[in-house]
Amino acid sequence: MIIRKSPEEIDKIADAGQILARCLTMLRGKARPGVTTLDLDQAAEKFIRSQGATPAFKGYRGFPGSICASPNSMVVHGIPGPFKLSRGDILSIDVGVVLDGWVADAAVTVPVGQISPVARRLLDTTKAALFAAAEEVRPGNQLGDVSHAVQKRVEADGFSVVRSLVGHGIGRDMHEDPQIPNFGDPGTGVELLPGMVLAVEPMVNVGDHAIRMGSDNWSVYSQDGSLAAHFEHTVAVTEEGPRILTPWHLEEARRAA
């Protein structure tokens, strides 16, 4: 069942999303050589709680961290710990925030110092695929339009969409219907209606799309060991078109200005 939200409820998710966007901007600045993923996790939790919110991930199905921190060939769900960042790494940071019972979810992949040309291209492509997909989150489109937008951009650049992981609906619960694959045919699937709120999240490998589970039963890696990237926004379907509720890209732009 897809739960549609009222404009007032979408505003509440957006309030959580604003905290999340500021958190991701803060973490991006801290992701430097010598910093551990546990350092980032602790900084995120402190910040989120200082805003009167709670980390959505901590304790979720037993997950021990406040963020997911996934370096290099790890696609998603990395448990923060002693891993120390080095120059040339890329790190996917996924954050969930709960504010007044409403959940927002977003992710970025950040470079640690100077990165390789293929890593830079991977980040640029995955981020562009997210925004191409978000642009399809509008009334009258179908879910397949969102999925296809990711696949089209990623494969045009020679990379692979992870096929066994999906985006999702979001609201009172972090994972709601519908599931959102990052591949598919346009003009197929559920019709998008005002009030739907979707966590759109391209997950992309440099090599093959296949993945493997880590020994901790959380972390997911590219099976061939190639670099992976993950970008995500929470996006609402509104009468006026897509509304991005986790505007970390605006925080990035302000910081760069």
# chains A, B, ... in the order shown; residues from 1 in each chain; ligands from 1
>>> residues_around(residues="region 2-19 of chain A", least_positions_apart="3", cutoff="6 Å", atoms="only C-alpha atoms", output="tab-separated table (two decimals) with all heavy atoms, in the first residue's frame")
chain	number	residue	atom	x	y	z
A	22	ARG	N	21.97	19.57	6.44
A	22	ARG	CA	23.05	20.23	7.17
A	22	ARG	C	24.02	19.20	7.75
A	22	ARG	O	25.25	19.45	7.79
A	22	ARG	CB	22.48	21.12	8.27
A	22	ARG	CG	21.64	22.28	7.74
A	22	ARG	CD	21.43	23.35	8.79
A	22	ARG	NE	20.73	22.87	9.97
A	22	ARG	CZ	19.40	22.83	10.09
A	22	ARG	NH1	18.62	23.22	9.08
A	22	ARG	NH2	18.84	22.40	11.20
A	97	VAL	N	17.10	10.75	9.31
A	97	VAL	CA	16.73	11.61	10.43
A	97	VAL	C	15.24	11.47	10.71
A	97	VAL	O	14.43	11.49	9.78
A	97	VAL	CB	17.06	13.09	10.12
A	97	VAL	CG1	16.44	14.03	11.15
A	97	VAL	CG2	18.57	13.30	10.07
A	99	LEU	N	12.23	13.31	12.82
A	99	LEU	CA	11.82	14.51	13.53
A	99	LEU	C	10.30	14.48	13.70
A	99	LEU	O	9.57	14.41	12.70
A	99	LEU	CB	12.24	15.77	12.77
A	99	LEU	CG	11.90	17.10	13.45
A	99	LEU	CD1	12.72	17.29	14.72
A	99	LEU	CD2	12.13	18.27	12.48
A	102	TRP	N	8.51	11.80	11.71
A	102	TRP	CA	8.62	11.76	10.24
A	102	TRP	C	10.08	11.56	9.85
A	102	TRP	O	10.99	12.15	10.43
A	102	TRP	CB	8.07	13.04	9.63
A	102	TRP	CG	6.60	13.17	9.86
A	102	TRP	CD1	5.97	13.83	10.86
A	102	TRP	CD2	5.56	12.54	9.08
A	102	TRP	NE1	4.61	13.68	10.75
A	102	TRP	CE2	4.32	12.89	9.67
A	102	TRP	CE3	5.57	11.74	7.94
A	102	TRP	CZ2	3.10	12.47	9.17
A	102	TRP	CZ3	4.35	11.30	7.43
A	102	TRP	CH2	3.14	11.67	8.04
A	104	ALA	N	13.31	11.35	7.07
A	104	ALA	CA	13.96	11.75	5.82
A	104	ALA	C	15.22	10.90	5.65
A	104	ALA	O	15.85	10.51	6.64
A	104	ALA	CB	14.31	13.23	5.83
A	177	ASP	N	6.14	1.28	0.88
A	177	ASP	CA	5.92	1.05	-0.55
A	177	ASP	C	5.92	2.40	-1.27
A	177	ASP	O	5.55	3.42	-0.68
A	177	ASP	CB	4.58	0.34	-0.77
A	177	ASP	CG	4.59	-1.10	-0.30
A	177	ASP	OD1	5.68	-1.71	-0.26
A	177	ASP	OD2	3.50	-1.61	0.04
A	195	GLY	N	1.41	13.63	-3.28
A	195	GLY	CA	1.42	13.08	-1.94
A	195	GLY	C	2.32	11.88	-1.76
A	195	GLY	O	2.64	11.51	-0.64
A	196	MET	N	2.73	11.26	-2.86
A	196	MET	CA	3.71	10.18	-2.74
A	196	MET	C	5.07	10.78	-2.40
A	196	MET	O	5.44	11.84	-2.91
A	196	MET	CB	3.81	9.39	-4.04
A	196	MET	CG	2.58	8.59	-4.39
A	196	MET	SD	2.83	7.66	-5.94
A	196	MET	CE	1.28	6.79	-6.06
A	245	LEU	N	13.18	17.12	-0.65
A	245	LEU	CA	12.99	17.41	0.77
A	245	LEU	C	14.28	17.33	1.57
A	245	LEU	O	14.27	17.66	2.77
A	245	LEU	CB	11.95	16.44	1.36
A	245	LEU	CG	10.60	16.37	0.64
A	245	LEU	CD1	9.67	15.39	1.34
A	245	LEU	CD2	9.96	17.74	0.52
A	246	THR	N	15.36	16.90	0.95
A	246	THR	CA	16.66	16.74	1.63
A	246	THR	C	17.72	17.54	0.86
A	246	THR	O	18.62	16.96	0.24
A	246	THR	CB	17.05	15.26	1.69
A	246	THR	OG1	16.88	14.68	0.37
A	246	THR	CG2	16.19	14.49	2.68
>>> residues_around(residues="Asp124 (chain A)", least_positions_apart="6", cutoff="10 Å", atoms="only C-alpha atoms", output="ChimeraX atom specification")
/A:109,118,229
>>> residues_around(residues="region 56-67 of chain A", least_positions_apart="5", cutoff="9 Å", atoms="only C-alpha atoms", output="list in words")
Leu38, Leu40, Asp41, Gln42, Ala44, Glu45, His77, Gly78, Ile79, Pro80, Gly81, Ile93, Asp94, Val95, Gly96, Val97, Val98, Val103, Ala104, Asp105, Met174 and Trp218 of chain A
>>> atom_distance(atom1="CA of Ala43 (chain A)", atom2="CA of Ser73 (chain A)")
23.7 Å
>>> residues_around(residues="region 141-150 of chain A", least_positions_apart="6", cutoff="9 Å", atoms="only C-alpha atoms", output="list in words")
Thr126, Ala128, Ala129, Leu130, Phe131, Ala132, Ala133, Ala134, Glu135, Val161, Pro178, Ile180, Pro181, Asn182, Phe183, Gly184, Asp185, Pro186, Gly187, Thr188, Gly189, Val190, Glu191, Leu192, Leu193, Val200 and Pro202 of chain A
>>> write_last_selection(atoms="N, CA and C atoms", output="PDB file, in the first residue's frame")
ATOM      1  N   THR A 126      26.784   9.258 -11.009  1.00  0.00           N
ATOM      2  CA  THR A 126      25.771   8.801 -10.062  1.00  0.00           C
ATOM      3  C   THR A 126      24.946   9.971  -9.540  1.00  0.00           C
ATOM      4  N   ALA A 128      24.457  12.819 -11.167  1.00  0.00           N
ATOM      5  CA  ALA A 128      23.615  13.265 -12.288  1.00  0.00           C
ATOM      6  C   ALA A 128      22.421  12.337 -12.482  1.00  0.00           C
ATOM      7  N   ALA A 129      22.622  11.028 -12.291  1.00  0.00           N
ATOM      8  CA  ALA A 129      21.524  10.068 -12.421  1.00  0.00           C
ATOM      9  C   ALA A 129      20.454  10.316 -11.364  1.00  0.00           C
ATOM     10  N   LEU A 130      20.877  10.685 -10.149  1.00  0.00           N
ATOM     11  CA  LEU A 130      19.905  11.009  -9.104  1.00  0.00           C
ATOM     12  C   LEU A 130      19.027  12.184  -9.521  1.00  0.00           C
ATOM     13  N   PHE A 131      19.635  13.239 -10.030  1.00  0.00           N
ATOM     14  CA  PHE A 131      18.843  14.410 -10.382  1.00  0.00           C
ATOM     15  C   PHE A 131      17.989  14.168 -11.622  1.00  0.00           C
ATOM     16  N   ALA A 132      18.472  13.337 -12.546  1.00  0.00           N
ATOM     17  CA  ALA A 132      17.644  12.965 -13.694  1.00  0.00           C
ATOM     18  C   ALA A 132      16.404  12.200 -13.234  1.00  0.00           C
ATOM     19  N   ALA A 133      16.601  11.312 -12.256  1.00  0.00           N
ATOM     20  CA  ALA A 133      15.472  10.535 -11.731  1.00  0.00           C
ATOM     21  C   ALA A 133      14.518  11.425 -10.945  1.00  0.00           C
ATOM     22  N   ALA A 134      15.066  12.312 -10.116  1.00  0.00           N
ATOM     23  CA  ALA A 134      14.219  13.192  -9.321  1.00  0.00           C
ATOM     24  C   ALA A 134      13.329  14.049 -10.212  1.00  0.00           C
ATOM     25  N   GLU A 135      13.833  14.424 -11.369  1.00  0.00           N
ATOM     26  CA  GLU A 135      13.062  15.257 -12.294  1.00  0.00           C
ATOM     27  C   GLU A 135      11.821  14.520 -12.805  1.00  0.00           C
ATOM     28  N   VAL A 161      24.313  -0.190 -13.058  1.00  0.00           N
ATOM     29  CA  VAL A 161      23.349   0.004 -11.978  1.00  0.00           C
ATOM     30  C   VAL A 161      23.269  -1.270 -11.141  1.00  0.00           C
ATOM     31  N   PRO A 178       6.331   2.408  -2.537  1.00  0.00           N
ATOM     32  CA  PRO A 178       6.745   1.279  -3.368  1.00  0.00           C
ATOM     33  C   PRO A 178       8.255   1.081  -3.328  1.00  0.00           C
ATOM     34  N   ILE A 180      11.677   0.965  -5.482  1.00  0.00           N
ATOM     35  CA  ILE A 180      12.066   1.752  -6.658  1.00  0.00           C
ATOM     36  C   ILE A 180      13.364   1.201  -7.233  1.00  0.00           C
ATOM     37  N   PRO A 181      13.290   0.298  -8.200  1.00  0.00           N
ATOM     38  CA  PRO A 181      14.520  -0.183  -8.847  1.00  0.00           C
ATOM     39  C   PRO A 181      15.216   0.967  -9.574  1.00  0.00           C
ATOM     40  N   ASN A 182      16.508   0.805  -9.811  1.00  0.00           N
ATOM     41  CA  ASN A 182      17.271   1.795 -10.556  1.00  0.00           C
ATOM     42  C   ASN A 182      17.450   1.394 -12.018  1.00  0.00           C
ATOM     43  N   PHE A 183      16.572   0.540 -12.488  1.00  0.00           N
ATOM     44  CA  PHE A 183      16.526   0.169 -13.903  1.00  0.00           C
ATOM     45  C   PHE A 183      15.083  -0.167 -14.236  1.00  0.00           C
ATOM     46  N   GLY A 184      14.723  -0.028 -15.504  1.00  0.00           N
ATOM     47  CA  GLY A 184      13.359  -0.357 -15.900  1.00  0.00           C
ATOM     48  C   GLY A 184      12.953   0.365 -17.166  1.00  0.00           C
ATOM     49  N   ASP A 185      11.734   0.124 -17.568  1.00  0.00           N
ATOM     50  CA  ASP A 185      11.213   0.692 -18.810  1.00  0.00           C
ATOM     51  C   ASP A 185      10.335   1.898 -18.509  1.00  0.00           C
ATOM     52  N   PRO A 186      10.476   2.960 -19.300  1.00  0.00           N
ATOM     53  CA  PRO A 186       9.597   4.119 -19.109  1.00  0.00           C
ATOM     54  C   PRO A 186       8.149   3.746 -19.424  1.00  0.00           C
ATOM     55  N   GLY A 187       7.227   4.450 -18.798  1.00  0.00           N
ATOM     56  CA  GLY A 187       5.813   4.197 -19.065  1.00  0.00           C
ATOM     57  C   GLY A 187       5.278   2.930 -18.440  1.00  0.00           C
ATOM     58  N   THR A 188       5.990   2.412 -17.442  1.00  0.00           N
ATOM     59  CA  THR A 188       5.535   1.195 -16.764  1.00  0.00           C
ATOM     60  C   THR A 188       5.456   1.461 -15.262  1.00  0.00           C
ATOM     61  N   GLY A 189       4.759   0.569 -14.561  1.00  0.00           N
ATOM     62  CA  GLY A 189       4.708   0.651 -13.107  1.00  0.00           C
ATOM     63  C   GLY A 189       3.623   1.573 -12.593  1.00  0.00           C
ATOM     64  N   VAL A 190       3.672   1.812 -11.302  1.00  0.00           N
ATOM     65  CA  VAL A 190       2.655   2.588 -10.589  1.00  0.00           C
ATOM     66  C   VAL A 190       2.632   4.029 -11.090  1.00  0.00           C
ATOM     67  N   GLU A 191       1.427   4.580 -11.248  1.00  0.00           N
ATOM     68  CA  GLU A 191       1.315   5.986 -11.594  1.00  0.00           C
ATOM     69  C   GLU A 191       1.685   6.850 -10.392  1.00  0.00           C
ATOM     70  N   LEU A 192       2.444   7.910 -10.633  1.00  0.00           N
ATOM     71  CA  LEU A 192       2.843   8.820  -9.565  1.00  0.00           C
ATOM     72  C   LEU A 192       1.750   9.850  -9.339  1.00  0.00           C
ATOM     73  N   LEU A 193       1.349   9.992  -8.068  1.00  0.00           N
ATOM     74  CA  LEU A 193       0.255  10.884  -7.689  1.00  0.00           C
ATOM     75  C   LEU A 193       0.725  11.850  -6.608  1.00  0.00           C
ATOM     76  N   VAL A 200      14.745   8.207  -3.554  1.00  0.00           N
ATOM     77  CA  VAL A 200      15.348   7.831  -4.838  1.00  0.00           C
ATOM     78  C   VAL A 200      16.852   7.717  -4.616  1.00  0.00           C
ATOM     79  N   PRO A 202      20.169   6.097  -6.589  1.00  0.00           N
ATOM     80  CA  PRO A 202      21.044   5.336  -7.489  1.00  0.00           C
ATOM     81  C   PRO A 202      22.235   4.744  -6.741  1.00  0.00           C
TER      82      PRO A 202
END
>>> residues_around(residues="Gly158 (chain A)", least_positions_apart="5", cutoff="12 Å", atoms="only C-alpha atoms", output="PDB file with C-alpha atoms, in the first residue's frame")
ATOM      1  CA  VAL A 118      37.436   7.075 -12.950  1.00  0.00           C
ATOM      2  CA  ARG A 121      33.522  10.250 -13.259  1.00  0.00           C
ATOM      3  CA  LEU A 122      31.656   7.666 -11.162  1.00  0.00           C
ATOM      4  CA  THR A 125      27.535  10.157 -13.140  1.00  0.00           C
ATOM      5  CA  THR A 126      25.771   8.801 -10.062  1.00  0.00           C
ATOM      6  CA  GLN A 151      19.607   3.412 -15.863  1.00  0.00           C
ATOM      7  CA  LYS A 152      19.825   5.557 -18.995  1.00  0.00           C
ATOM      8  CA  ARG A 153      22.329   8.002 -17.514  1.00  0.00           C
ATOM      9  CA  VAL A 204      26.298   2.354  -9.181  1.00  0.00           C
ATOM     10  CA  ASN A 205      29.373   0.172  -9.755  1.00  0.00           C
ATOM     11  CA  VAL A 206      32.283   0.921 -12.051  1.00  0.00           C
ATOM     12  CA  GLY A 207      32.356  -2.757 -13.047  1.00  0.00           C
ATOM     13  CA  ASP A 208      29.609  -5.374 -13.124  1.00  0.00           C
ATOM     14  CA  HIS A 209      26.291  -4.835 -11.328  1.00  0.00           C
TER      15      HIS A 209
END
>>> select_by_dssp(residues="region 51-206 of chain A", states="alpha helix (DSSP H)", output="PyMOL selection string")
chain A and resi 117-134+143-156
>>> closest_residue(among="A:Ser70, A:Thr238, A:Asn217, A:Ser116", to="Thr36 (chain A)", atoms="only C-alpha atoms")
A:Ser70
>>> select_by_dssp(residues="region 7-195 of chain A", states="strand (DSSP E)", output="PyMOL selection string")
chain A and resi 54-55+67-71+74-76+90-99+102-111+160-161+167-169+176-180
>>> atom_distance(atom1="CA of Gly241 (chain A)", atom2="CA of Phe159 (chain A)")
28.8 Å
